[in-house]
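Coordinates as given in upload-v6.tsv (TSV, N, CA and C atoms):
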```tsv
chain	number	residue	atom	x	y	z
A	107	MET	N	10.06	-6.80	34.94
A	107	MET	CA	9.44	-6.86	33.63
A	107	MET	C	10.26	-7.75	32.71
A	108	ASN	N	9.56	-8.49	31.89
A	108	ASN	CA	10.21	-9.32	30.89
A	108	ASN	C	10.21	-8.61	29.55
A	109	GLU	N	11.28	-8.77	28.85
A	109	GLU	CA	11.36	-8.22	27.50
A	109	GLU	C	11.02	-9.33	26.52
A	110	THR	N	10.12	-9.04	25.60
A	110	THR	CA	9.70	-10.01	24.61
A	110	THR	C	9.85	-9.41	23.23
A	111	ILE	N	10.37	-10.20	22.32
A	111	ILE	CA	10.52	-9.76	20.94
A	111	ILE	C	9.39	-10.39	20.13
A	112	VAL	N	8.67	-9.54	19.41
A	112	VAL	CA	7.57	-9.99	18.55
A	112	VAL	C	8.02	-9.83	17.11
A	113	THR	N	7.84	-10.89	16.34
A	113	THR	CA	8.22	-10.81	14.92
A	113	THR	C	7.02	-11.14	14.05
A	114	ARG	N	7.07	-10.68	12.83
A	114	ARG	CA	6.03	-10.95	11.84
A	114	ARG	C	6.73	-11.20	10.51
A	115	THR	N	6.31	-12.24	9.86
A	115	THR	CA	6.85	-12.54	8.53
A	115	THR	C	5.93	-11.90	7.50
A	116	VAL	N	6.51	-11.17	6.57
A	116	VAL	CA	5.73	-10.56	5.49
A	116	VAL	C	6.31	-10.98	4.15
A	117	ILE	N	5.46	-10.98	3.15
A	117	ILE	CA	5.88	-11.24	1.78
A	117	ILE	C	6.05	-9.90	1.09
A	118	GLN	N	7.25	-9.65	0.56
A	118	GLN	CA	7.52	-8.43	-0.18
A	118	GLN	C	7.44	-8.73	-1.67
A	119	PRO	N	6.38	-8.25	-2.34
A	119	PRO	CA	6.29	-8.50	-3.77
A	119	PRO	C	7.37	-7.74	-4.54
A	120	GLU	N	7.71	-8.29	-5.68
A	120	GLU	CA	8.65	-7.65	-6.59
A	120	GLU	C	7.85	-6.84	-7.61
A	121	ILE	N	8.52	-5.94	-8.30
A	121	ILE	CA	7.86	-5.16	-9.35
A	121	ILE	C	7.23	-6.09	-10.37
A	122	SER	N	7.90	-7.17	-10.72
A	122	SER	CA	7.37	-8.11	-11.72
A	122	SER	C	6.06	-8.76	-11.24
A	123	ASP	N	5.93	-9.01	-9.94
A	123	ASP	CA	4.68	-9.56	-9.39
A	123	ASP	C	3.53	-8.59	-9.62
A	124	HIS	N	3.81	-7.32	-9.38
A	124	HIS	CA	2.79	-6.29	-9.56
A	124	HIS	C	2.42	-6.12	-11.03
A	125	GLU	N	3.42	-6.02	-11.88
A	125	GLU	CA	3.16	-5.75	-13.30
A	125	GLU	C	2.49	-6.93	-14.00
A	126	GLU	N	2.69	-8.13	-13.47
A	126	GLU	CA	2.03	-9.30	-14.04
A	126	GLU	C	0.52	-9.19	-13.88
A	127	LYS	N	0.09	-8.65	-12.76
A	127	LYS	CA	-1.35	-8.54	-12.48
A	127	LYS	C	-1.93	-7.22	-12.98
A	128	TYR	N	-1.15	-6.16	-12.94
A	128	TYR	CA	-1.63	-4.82	-13.29
A	128	TYR	C	-0.82	-4.24	-14.44
A	129	SER	N	-1.05	-4.74	-15.63
A	129	SER	CA	-0.27	-4.31	-16.79
A	129	SER	C	-0.58	-2.87	-17.21
A	130	LYS	N	-1.68	-2.31	-16.76
A	130	LYS	CA	-2.00	-0.91	-17.06
A	130	LYS	C	-1.34	0.04	-16.07
A	131	PHE	N	-0.76	-0.49	-15.02
A	131	PHE	CA	-0.13	0.34	-13.99
A	131	PHE	C	1.32	-0.09	-13.79
A	132	LEU	N	2.09	0.05	-14.85
A	132	LEU	CA	3.50	-0.35	-14.83
A	132	LEU	C	4.31	0.59	-13.94
A	133	CYS	N	5.35	0.05	-13.40
A	133	CYS	CA	6.28	0.81	-12.58
A	133	CYS	C	7.35	1.37	-13.52
A	134	ASN	N	6.97	2.34	-14.33
A	134	ASN	CA	7.81	2.76	-15.45
A	134	ASN	C	8.35	4.19	-15.36
A	135	THR	N	8.31	4.77	-14.17
A	135	THR	CA	8.92	6.09	-13.96
A	135	THR	C	9.69	6.05	-12.64
A	136	PRO	N	10.65	6.94	-12.49
A	136	PRO	CA	11.38	6.99	-11.20
A	136	PRO	C	10.43	7.23	-10.00
A	137	LYS	N	9.40	8.03	-10.20
A	137	LYS	CA	8.46	8.31	-9.12
A	137	LYS	C	7.68	7.06	-8.73
A	138	LYS	N	7.22	6.30	-9.71
A	138	LYS	CA	6.49	5.07	-9.41
A	138	LYS	C	7.41	4.03	-8.77
A	139	THR	N	8.66	3.98	-9.20
A	139	THR	CA	9.62	3.07	-8.57
A	139	THR	C	9.82	3.47	-7.11
A	140	PHE	N	9.94	4.76	-6.85
A	140	PHE	CA	10.07	5.26	-5.48
A	140	PHE	C	8.86	4.84	-4.65
A	141	LEU	N	7.66	5.06	-5.20
A	141	LEU	CA	6.43	4.70	-4.49
A	141	LEU	C	6.36	3.21	-4.22
A	142	PHE	N	6.69	2.40	-5.23
A	142	PHE	CA	6.67	0.95	-5.06
A	142	PHE	C	7.61	0.53	-3.94
A	143	ASN	N	8.82	1.05	-3.96
A	143	ASN	CA	9.81	0.69	-2.93
A	143	ASN	C	9.39	1.17	-1.55
A	144	LEU	N	8.76	2.32	-1.47
A	144	LEU	CA	8.28	2.86	-0.19
A	144	LEU	C	7.19	1.96	0.40
A	145	ILE	N	6.26	1.56	-0.44
A	145	ILE	CA	5.13	0.76	0.02
A	145	ILE	C	5.56	-0.67	0.36
A	146	THR	N	6.52	-1.21	-0.36
A	146	THR	CA	6.89	-2.61	-0.16
A	146	THR	C	8.04	-2.82	0.81
A	147	GLN	N	8.39	-1.81	1.58
A	147	GLN	CA	9.35	-2.01	2.67
A	147	GLN	C	8.71	-2.94	3.69
A	148	ALA	N	9.50	-3.82	4.26
A	148	ALA	CA	8.97	-4.80	5.22
A	148	ALA	C	8.19	-4.12	6.34
A	149	GLU	N	8.70	-3.05	6.89
A	149	GLU	CA	8.03	-2.37	8.00
A	149	GLU	C	6.71	-1.76	7.53
A	150	SER	N	6.68	-1.20	6.33
A	150	SER	CA	5.44	-0.64	5.79
A	150	SER	C	4.37	-1.71	5.64
A	151	ILE	N	4.77	-2.86	5.10
A	151	ILE	CA	3.84	-3.97	4.92
A	151	ILE	C	3.33	-4.45	6.27
A	152	SER	N	4.24	-4.63	7.21
A	152	SER	CA	3.84	-5.09	8.54
A	152	SER	C	2.84	-4.13	9.18
A	153	ASN	N	3.11	-2.84	9.09
A	153	ASN	CA	2.20	-1.84	9.66
A	153	ASN	C	0.83	-1.87	8.97
A	154	ALA	N	0.83	-2.05	7.65
A	154	ALA	CA	-0.43	-2.12	6.91
A	154	ALA	C	-1.25	-3.34	7.32
A	155	LEU	N	-0.57	-4.47	7.52
A	155	LEU	CA	-1.26	-5.68	7.93
A	155	LEU	C	-1.86	-5.52	9.33
A	156	VAL	N	-1.13	-4.89	10.23
A	156	VAL	CA	-1.62	-4.65	11.59
A	156	VAL	C	-2.85	-3.74	11.55
A	157	VAL	N	-2.78	-2.67	10.77
A	157	VAL	CA	-3.92	-1.74	10.67
A	157	VAL	C	-5.15	-2.46	10.14
A	158	ALA	N	-4.98	-3.23	9.07
A	158	ALA	CA	-6.12	-3.96	8.48
A	158	ALA	C	-6.69	-4.96	9.48
A	159	GLU	N	-5.80	-5.66	10.17
A	159	GLU	CA	-6.24	-6.70	11.10
A	159	GLU	C	-6.88	-6.12	12.36
A	160	GLU	N	-6.27	-5.10	12.92
A	160	GLU	CA	-6.71	-4.56	14.20
A	160	GLU	C	-7.87	-3.58	14.09
A	161	THR	N	-7.92	-2.82	13.00
A	161	THR	CA	-8.94	-1.76	12.90
A	161	THR	C	-9.94	-1.99	11.77
A	162	GLY	N	-9.59	-2.85	10.83
A	162	GLY	CA	-10.46	-3.04	9.66
A	162	GLY	C	-10.31	-1.93	8.64
A	163	SER	N	-9.39	-1.01	8.87
A	163	SER	CA	-9.17	0.09	7.93
A	163	SER	C	-8.36	-0.36	6.73
A	164	SER	N	-8.40	0.46	5.71
A	164	SER	CA	-7.62	0.18	4.51
A	164	SER	C	-6.12	0.36	4.80
A	165	PRO	N	-5.27	-0.46	4.18
A	165	PRO	CA	-3.83	-0.27	4.36
A	165	PRO	C	-3.35	1.07	3.79
A	166	ILE	N	-4.17	1.69	2.98
A	166	ILE	CA	-3.80	2.99	2.40
A	166	ILE	C	-3.51	4.01	3.49
A	167	VAL	N	-4.14	3.89	4.66
A	167	VAL	CA	-3.88	4.87	5.73
A	167	VAL	C	-2.41	4.84	6.15
A	168	VAL	N	-1.79	3.67	6.11
A	168	VAL	CA	-0.37	3.56	6.43
A	168	VAL	C	0.47	4.14	5.30
A	169	PHE	N	0.14	3.72	4.07
A	169	PHE	CA	0.93	4.16	2.92
A	169	PHE	C	0.79	5.66	2.68
A	170	GLU	N	-0.38	6.21	2.95
A	170	GLU	CA	-0.59	7.64	2.75
A	170	GLU	C	0.33	8.46	3.66
A	171	THR	N	0.51	8.02	4.88
A	171	THR	CA	1.40	8.73	5.80
A	171	THR	C	2.82	8.76	5.24
A	172	LEU	N	3.29	7.63	4.74
A	172	LEU	CA	4.64	7.56	4.18
A	172	LEU	C	4.77	8.45	2.95
A	173	ILE	N	3.75	8.42	2.09
A	173	ILE	CA	3.78	9.22	0.87
A	173	ILE	C	3.72	10.71	1.21
A	174	SER	N	2.86	11.09	2.16
A	174	SER	CA	2.76	12.49	2.58
A	174	SER	C	4.10	12.99	3.12
A	175	ASP	N	4.75	12.16	3.91
A	175	ASP	CA	6.07	12.53	4.45
A	175	ASP	C	7.07	12.75	3.32
A	176	ALA	N	7.04	11.88	2.31
A	176	ALA	CA	7.96	12.01	1.17
A	176	ALA	C	7.66	13.27	0.36
A	177	ILE	N	6.39	13.60	0.21
A	177	ILE	CA	6.02	14.83	-0.50
A	177	ILE	C	6.46	16.05	0.29
A	178	ASN	N	6.18	16.04	1.59
A	178	ASN	CA	6.53	17.18	2.44
A	178	ASN	C	8.03	17.40	2.55
A	179	SER	N	8.81	16.31	2.44
A	179	SER	CA	10.27	16.45	2.52
A	179	SER	C	10.89	16.76	1.16
A	180	GLY	N	10.08	16.79	0.11
A	180	GLY	CA	10.59	17.13	-1.22
A	180	GLY	C	11.17	15.95	-1.99
A	181	GLU	N	11.02	14.73	-1.47
A	181	GLU	CA	11.55	13.56	-2.17
A	181	GLU	C	10.78	13.28	-3.46
A	182	ILE	N	9.48	13.53	-3.43
A	182	ILE	CA	8.64	13.39	-4.62
A	182	ILE	C	7.63	14.54	-4.66
A	183	GLU	N	7.03	14.73	-5.83
A	183	GLU	CA	5.99	15.75	-5.98
A	183	GLU	C	4.63	15.12	-5.70
A	184	GLU	N	3.61	15.97	-5.61
A	184	GLU	CA	2.24	15.50	-5.40
A	184	GLU	C	1.88	14.44	-6.44
A	185	LEU	N	0.97	13.55	-6.09
A	185	LEU	CA	0.57	12.48	-7.00
A	185	LEU	C	-0.55	12.94	-7.92
A	186	ASP	N	-0.47	12.52	-9.18
A	186	ASP	CA	-1.60	12.75	-10.08
A	186	ASP	C	-2.56	11.58	-9.94
A	187	SER	N	-3.68	11.62	-10.64
A	187	SER	CA	-4.72	10.60	-10.46
A	187	SER	C	-4.23	9.21	-10.85
A	188	HIS	N	-3.42	9.11	-11.90
A	188	HIS	CA	-2.89	7.80	-12.33
A	188	HIS	C	-1.95	7.23	-11.26
A	189	GLU	N	-1.14	8.09	-10.66
A	189	GLU	CA	-0.21	7.64	-9.61
A	189	GLU	C	-0.97	7.21	-8.36
A	190	LYS	N	-2.08	7.86	-8.07
A	190	LYS	CA	-2.91	7.43	-6.93
A	190	LYS	C	-3.48	6.04	-7.20
A	191	GLN	N	-3.92	5.80	-8.43
A	191	GLN	CA	-4.42	4.47	-8.79
A	191	GLN	C	-3.30	3.45	-8.71
A	192	PHE	N	-2.11	3.85	-9.14
A	192	PHE	CA	-0.94	2.98	-9.05
A	192	PHE	C	-0.70	2.55	-7.61
A	193	VAL	N	-0.76	3.50	-6.68
A	193	VAL	CA	-0.58	3.19	-5.26
A	193	VAL	C	-1.62	2.17	-4.81
A	194	GLY	N	-2.86	2.35	-5.24
A	194	GLY	CA	-3.91	1.40	-4.89
A	194	GLY	C	-3.63	0.00	-5.42
A	195	THR	N	-3.10	-0.10	-6.62
A	195	THR	CA	-2.79	-1.42	-7.18
A	195	THR	C	-1.60	-2.06	-6.46
A	196	VAL	N	-0.64	-1.25	-6.06
A	196	VAL	CA	0.50	-1.79	-5.30
A	196	VAL	C	0.02	-2.26	-3.93
A	197	ALA	N	-0.86	-1.49	-3.31
A	197	ALA	CA	-1.42	-1.91	-2.02
A	197	ALA	C	-2.14	-3.25	-2.16
A	198	CYS	N	-2.89	-3.42	-3.24
A	198	CYS	CA	-3.58	-4.69	-3.49
A	198	CYS	C	-2.58	-5.82	-3.68
A	199	THR	N	-1.53	-5.58	-4.43
A	199	THR	CA	-0.50	-6.59	-4.64
A	199	THR	C	0.10	-7.02	-3.31
A	200	VAL	N	0.40	-6.05	-2.46
A	200	VAL	CA	0.97	-6.32	-1.13
A	200	VAL	C	0.01	-7.14	-0.28
A	201	MET	N	-1.22	-6.71	-0.23
A	201	MET	CA	-2.19	-7.39	0.63
A	201	MET	C	-2.46	-8.81	0.15
A	202	GLU	N	-2.65	-8.99	-1.14
A	202	GLU	CA	-2.92	-10.32	-1.67
A	202	GLU	C	-1.73	-11.25	-1.49
A	203	ALA	N	-0.52	-10.72	-1.63
A	203	ALA	CA	0.68	-11.54	-1.42
A	203	ALA	C	0.77	-12.03	0.02
A	204	ASN	N	0.14	-11.30	0.92
A	204	ASN	CA	0.20	-11.64	2.35
A	204	ASN	C	-1.09	-12.29	2.86
A	205	GLY	N	-1.87	-12.85	1.94
A	205	GLY	CA	-3.02	-13.65	2.33
A	205	GLY	C	-4.33	-12.92	2.55
A	206	TRP	N	-4.43	-11.71	2.06
A	206	TRP	CA	-5.66	-10.93	2.19
A	206	TRP	C	-6.34	-10.83	0.84
A	207	GLN	N	-7.65	-10.57	0.86
A	207	GLN	CA	-8.39	-10.40	-0.38
A	207	GLN	C	-9.27	-9.16	-0.29
A	208	LYS	N	-9.63	-8.64	-1.47
A	208	LYS	CA	-10.51	-7.48	-1.53
A	208	LYS	C	-11.89	-7.85	-1.00
A	209	THR	N	-12.55	-6.86	-0.38
A	209	THR	CA	-13.93	-7.05	0.06
A	209	THR	C	-14.90	-6.43	-0.94
A	210	ASN	N	-14.37	-5.68	-1.90
A	210	ASN	CA	-15.19	-4.89	-2.84
A	210	ASN	C	-16.00	-3.82	-2.12
A	211	LYS	N	-15.48	-3.39	-0.97
A	211	LYS	CA	-16.03	-2.27	-0.22
A	211	LYS	C	-14.94	-1.22	-0.13
A	212	LYS	N	-15.35	0.03	-0.09
A	212	LYS	CA	-14.40	1.14	-0.04
A	212	LYS	C	-14.49	1.87	1.29
A	213	GLN	N	-13.35	2.36	1.73
A	213	GLN	CA	-13.30	3.27	2.87
A	213	GLN	C	-13.17	4.67	2.27
A	214	ARG	N	-13.98	5.59	2.71
A	214	ARG	CA	-13.98	6.96	2.21
A	214	ARG	C	-13.20	7.86	3.16
A	215	PHE	N	-12.53	8.85	2.57
A	215	PHE	CA	-11.75	9.82	3.35
A	215	PHE	C	-12.19	11.23	2.97
A	216	SER	N	-12.29	12.10	3.94
A	216	SER	CA	-12.67	13.49	3.65
A	216	SER	C	-11.46	14.39	3.50
A	217	VAL	N	-10.32	13.96	4.01
A	217	VAL	CA	-9.09	14.74	3.88
A	217	VAL	C	-7.96	13.81	3.48
A	218	GLY	N	-6.89	14.38	2.95
A	218	GLY	CA	-5.71	13.59	2.60
A	218	GLY	C	-5.55	13.42	1.11
A	219	ILE	N	-4.59	12.60	0.74
A	219	ILE	CA	-4.26	12.36	-0.66
A	219	ILE	C	-5.35	11.55	-1.36
A	220	PHE	N	-5.88	10.57	-0.68
A	220	PHE	CA	-6.82	9.63	-1.28
A	220	PHE	C	-8.24	9.93	-0.82
A	221	ARG	N	-9.20	9.76	-1.71
A	221	ARG	CA	-10.62	9.97	-1.39
A	221	ARG	C	-11.30	8.67	-1.00
A	222	SER	N	-10.80	7.56	-1.52
A	222	SER	CA	-11.34	6.25	-1.16
A	222	SER	C	-10.27	5.20	-1.34
A	223	ALA	N	-10.45	4.07	-0.67
A	223	ALA	CA	-9.47	2.98	-0.77
A	223	ALA	C	-10.16	1.67	-0.47
A	224	GLU	N	-9.67	0.63	-1.10
A	224	GLU	CA	-10.22	-0.72	-0.93
A	224	GLU	C	-10.02	-1.22	0.50
A	225	LEU	N	-11.01	-1.97	0.98
A	225	LEU	CA	-10.90	-2.66	2.26
A	225	LEU	C	-10.58	-4.13	1.98
A	226	TYR	N	-9.88	-4.77	2.91
A	226	TYR	CA	-9.42	-6.15	2.73
A	226	TYR	C	-9.84	-7.01	3.92
A	227	GLU	N	-9.91	-8.32	3.66
A	227	GLU	CA	-10.17	-9.29	4.71
A	227	GLU	C	-9.23	-10.47	4.49
A	228	LEU	N	-8.95	-11.19	5.56
A	228	LEU	CA	-8.11	-12.38	5.42
A	228	LEU	C	-8.80	-13.38	4.52
A	229	ALA	N	-8.05	-13.94	3.60
A	229	ALA	CA	-8.61	-14.95	2.70
A	229	ALA	C	-8.92	-16.21	3.49
A	230	ALA	N	-9.96	-16.89	3.09
A	230	ALA	CA	-10.37	-18.12	3.80
A	230	ALA	C	-9.38	-19.24	3.60
```
Using structure tokens, write down the structure from this file.
Amino acid sequence: MNETIVTRTVIQPEISDHEEKYSKFLCNTPKKTFLFNLITQAESISNALVVAEETGSSPIVVFETLISDAINSGEIEELDSHEKQFVGTVACTVMEANGWQKTNKKQRFSVGIFRSAELYELAA
């Protein structure tokens, strides 16, 4: 068997990139900073891109797992509705920075933290 290393280059947005586009969803609390840093880890971004590309699912499915783990371990408390929207805007910032665009279609969830999330497609 041959061993092969696969790499992927991702763009990690900064807080200023996010706040420039989403001025109503500032990263202005320790919890939001934690969420932003969790979502914008290179591995998180890579996993989100793979999920969107391979399954057509929203990247939120990747981020929700990370957030649920942080809640269950006591690192953060449950998210309120504004924080859930914040996560969605950070996900959009991540996806757009990496060449994806909104489809204006939503994926619905019956269980979990999020009830719906934006779907993305590669920009032309």
Checklist entry - In terms of the shortest atom-to-atom distance over only C-alpha atoms, which of A:Thr171, A:Ile177, A:Val156, A:Ile117 is closest to Tyr226 of chain A? => result A:Val156
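Residues of protein, DNA and RNA with at least one atom no farther than 12 Å from (-2.7, -4.5, -12.7) are, using only C-alpha atoms, Ile121, Ser122, Asp123, His124, Glu125, Glu126, Lys127, Tyr128, Ser129, Lys130, Phe131, Leu132, Cys133, Gln191, Phe192, Val193, Gly194, Thr195, Val196, Ala197, Cys198 and Thr199 of chain A.
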Contacts of segment 137-154 of chain A at 6 Å (all atoms listed in the file; same-chain gap of 4+ positions) as a PDB file with N, CA and C atoms, in the frame of the given file:
```pdb
ATOM      1  N   GLN A 118       7.250  -9.650   0.560  1.00  0.00           N
ATOM      2  CA  GLN A 118       7.520  -8.430  -0.180  1.00  0.00           C
ATOM      3  C   GLN A 118       7.440  -8.730  -1.670  1.00  0.00           C
ATOM      4  N   CYS A 133       5.350   0.050 -13.400  1.00  0.00           N
ATOM      5  CA  CYS A 133       6.280   0.810 -12.580  1.00  0.00           C
ATOM      6  C   CYS A 133       7.350   1.370 -13.520  1.00  0.00           C
ATOM      7  N   ALA A 158      -4.980  -3.230   9.070  1.00  0.00           N
ATOM      8  CA  ALA A 158      -6.120  -3.960   8.480  1.00  0.00           C
ATOM      9  C   ALA A 158      -6.690  -4.960   9.480  1.00  0.00           C
ATOM     10  N   GLU A 159      -5.800  -5.660  10.170  1.00  0.00           N
ATOM     11  CA  GLU A 159      -6.240  -6.700  11.100  1.00  0.00           C
ATOM     12  C   GLU A 159      -6.880  -6.120  12.360  1.00  0.00           C
ATOM     13  N   PRO A 165      -5.270  -0.460   4.180  1.00  0.00           N
ATOM     14  CA  PRO A 165      -3.830  -0.270   4.360  1.00  0.00           C
ATOM     15  C   PRO A 165      -3.350   1.070   3.790  1.00  0.00           C
ATOM     16  N   VAL A 168      -1.790   3.670   6.110  1.00  0.00           N
ATOM     17  CA  VAL A 168      -0.370   3.560   6.430  1.00  0.00           C
ATOM     18  C   VAL A 168       0.470   4.140   5.300  1.00  0.00           C
TER      19      VAL A 168
END
```
Next on the checklist: Calculated over only N, CA and C atoms, which of the candidates A:Glu160, A:Glu183, A:Glu109, A:Glu170 has the smallest distance to Phe220 of chain A?
Outcome noted: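 Smallest distance to Phe220 of chain A is found for A:Glu170.
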Checklist entry - Which one of A:Ser164, A:Asp175, A:Ile111, A:His188 sits closest to Lys212 of chain A if you count only N, CA and C atoms? => result A:Ser164
Checklist entry - Counting only C-alpha atoms, what is within 7 Å of Lys211 of chain A, bar same-chain residues fewer than 2 positions away, as a PyMOL selection string? => result chain A and resi 209+213+224-225
Checklist entry - What is the atom CA of Thr115 of chain A to atom N of Ser163 of chain A distance in Å? => result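 Between these atoms lies a distance of 19.9 Å.
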Item to check | In chain A, DSSP strand (DSSP E) residues written as a list in words | outcome: Trp206, Gln207, Lys208, Thr209, Asn210, Lys211, Lys212, Gln213, Arg214, Ser222, Ala223, Glu224, Leu225, Tyr226, Glu227 and Leu228 of chain A
Next on the checklist: Report, in Å to a single decimal, how far apart atom CA of Ile173 of chain A and atom CA of Gly218 of chain A are.
Outcome noted: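 Between atom CA of Gly218 of chain A and atom CA of Ile173 of chain A the gap works out to 10.6 Å.
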Next on the checklist: Can you measure atom C of Ala203 of chain A to atom C of Val116 of chain A for me? One decimal in Å is fine.
Outcome noted: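 Answer for the atom C of Ala203 of chain A to atom C of Val116 of chain A separation: 7.0 Å.
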Next on the checklist: Based on the backbone DSSP call, show me all residues of chain A assigned helix (DSSP H, G or I), as an NGL selection string.
Outcome noted: :A and (121-127 or 136-145 or 148-161 or 166-178 or 187-203)
Where atoms are absent from segment 152-165 of chain A, fill them in so it carries N, CA, C and O atoms, then output it as a tab-separated table (two decimals), in the coordinates of the input.
```
chain	number	residue	atom	x	y	z
A	152	SER	N	4.24	-4.63	7.21
A	152	SER	CA	3.84	-5.09	8.54
A	152	SER	C	2.84	-4.13	9.18
A	152	SER	O	1.82	-4.55	9.72
A	153	ASN	N	3.11	-2.84	9.09
A	153	ASN	CA	2.20	-1.84	9.66
A	153	ASN	C	0.83	-1.87	8.97
A	153	ASN	O	-0.20	-1.76	9.63
A	154	ALA	N	0.83	-2.05	7.65
A	154	ALA	CA	-0.43	-2.12	6.91
A	154	ALA	C	-1.25	-3.34	7.32
A	154	ALA	O	-2.47	-3.26	7.47
A	155	LEU	N	-0.57	-4.47	7.52
A	155	LEU	CA	-1.26	-5.68	7.93
A	155	LEU	C	-1.86	-5.52	9.33
A	155	LEU	O	-2.98	-5.95	9.59
A	156	VAL	N	-1.13	-4.89	10.23
A	156	VAL	CA	-1.62	-4.65	11.59
A	156	VAL	C	-2.85	-3.74	11.55
A	156	VAL	O	-3.86	-4.02	12.20
A	157	VAL	N	-2.78	-2.67	10.77
A	157	VAL	CA	-3.92	-1.74	10.67
A	157	VAL	C	-5.15	-2.46	10.14
A	157	VAL	O	-6.25	-2.32	10.68
A	158	ALA	N	-4.98	-3.23	9.07
A	158	ALA	CA	-6.12	-3.96	8.48
A	158	ALA	C	-6.69	-4.96	9.48
A	158	ALA	O	-7.91	-5.08	9.63
A	159	GLU	N	-5.80	-5.66	10.17
A	159	GLU	CA	-6.24	-6.70	11.10
A	159	GLU	C	-6.88	-6.12	12.36
A	159	GLU	O	-7.92	-6.59	12.81
A	160	GLU	N	-6.27	-5.10	12.92
A	160	GLU	CA	-6.71	-4.56	14.20
A	160	GLU	C	-7.87	-3.58	14.09
A	160	GLU	O	-8.69	-3.49	15.00
A	161	THR	N	-7.92	-2.82	13.00
A	161	THR	CA	-8.94	-1.76	12.90
A	161	THR	C	-9.94	-1.99	11.77
A	161	THR	O	-10.98	-1.34	11.75
A	162	GLY	N	-9.59	-2.85	10.83
A	162	GLY	CA	-10.46	-3.04	9.66
A	162	GLY	C	-10.31	-1.93	8.64
A	162	GLY	O	-11.02	-1.91	7.64
A	163	SER	N	-9.39	-1.01	8.87
A	163	SER	CA	-9.17	0.09	7.93
A	163	SER	C	-8.36	-0.36	6.73
A	163	SER	O	-7.70	-1.40	6.76
A	164	SER	N	-8.40	0.46	5.71
A	164	SER	CA	-7.62	0.18	4.51
A	164	SER	C	-6.12	0.36	4.80
A	164	SER	O	-5.74	1.26	5.55
A	165	PRO	N	-5.27	-0.46	4.18
A	165	PRO	CA	-3.83	-0.27	4.36
A	165	PRO	C	-3.35	1.07	3.79
A	165	PRO	O	-2.26	1.53	4.13
```
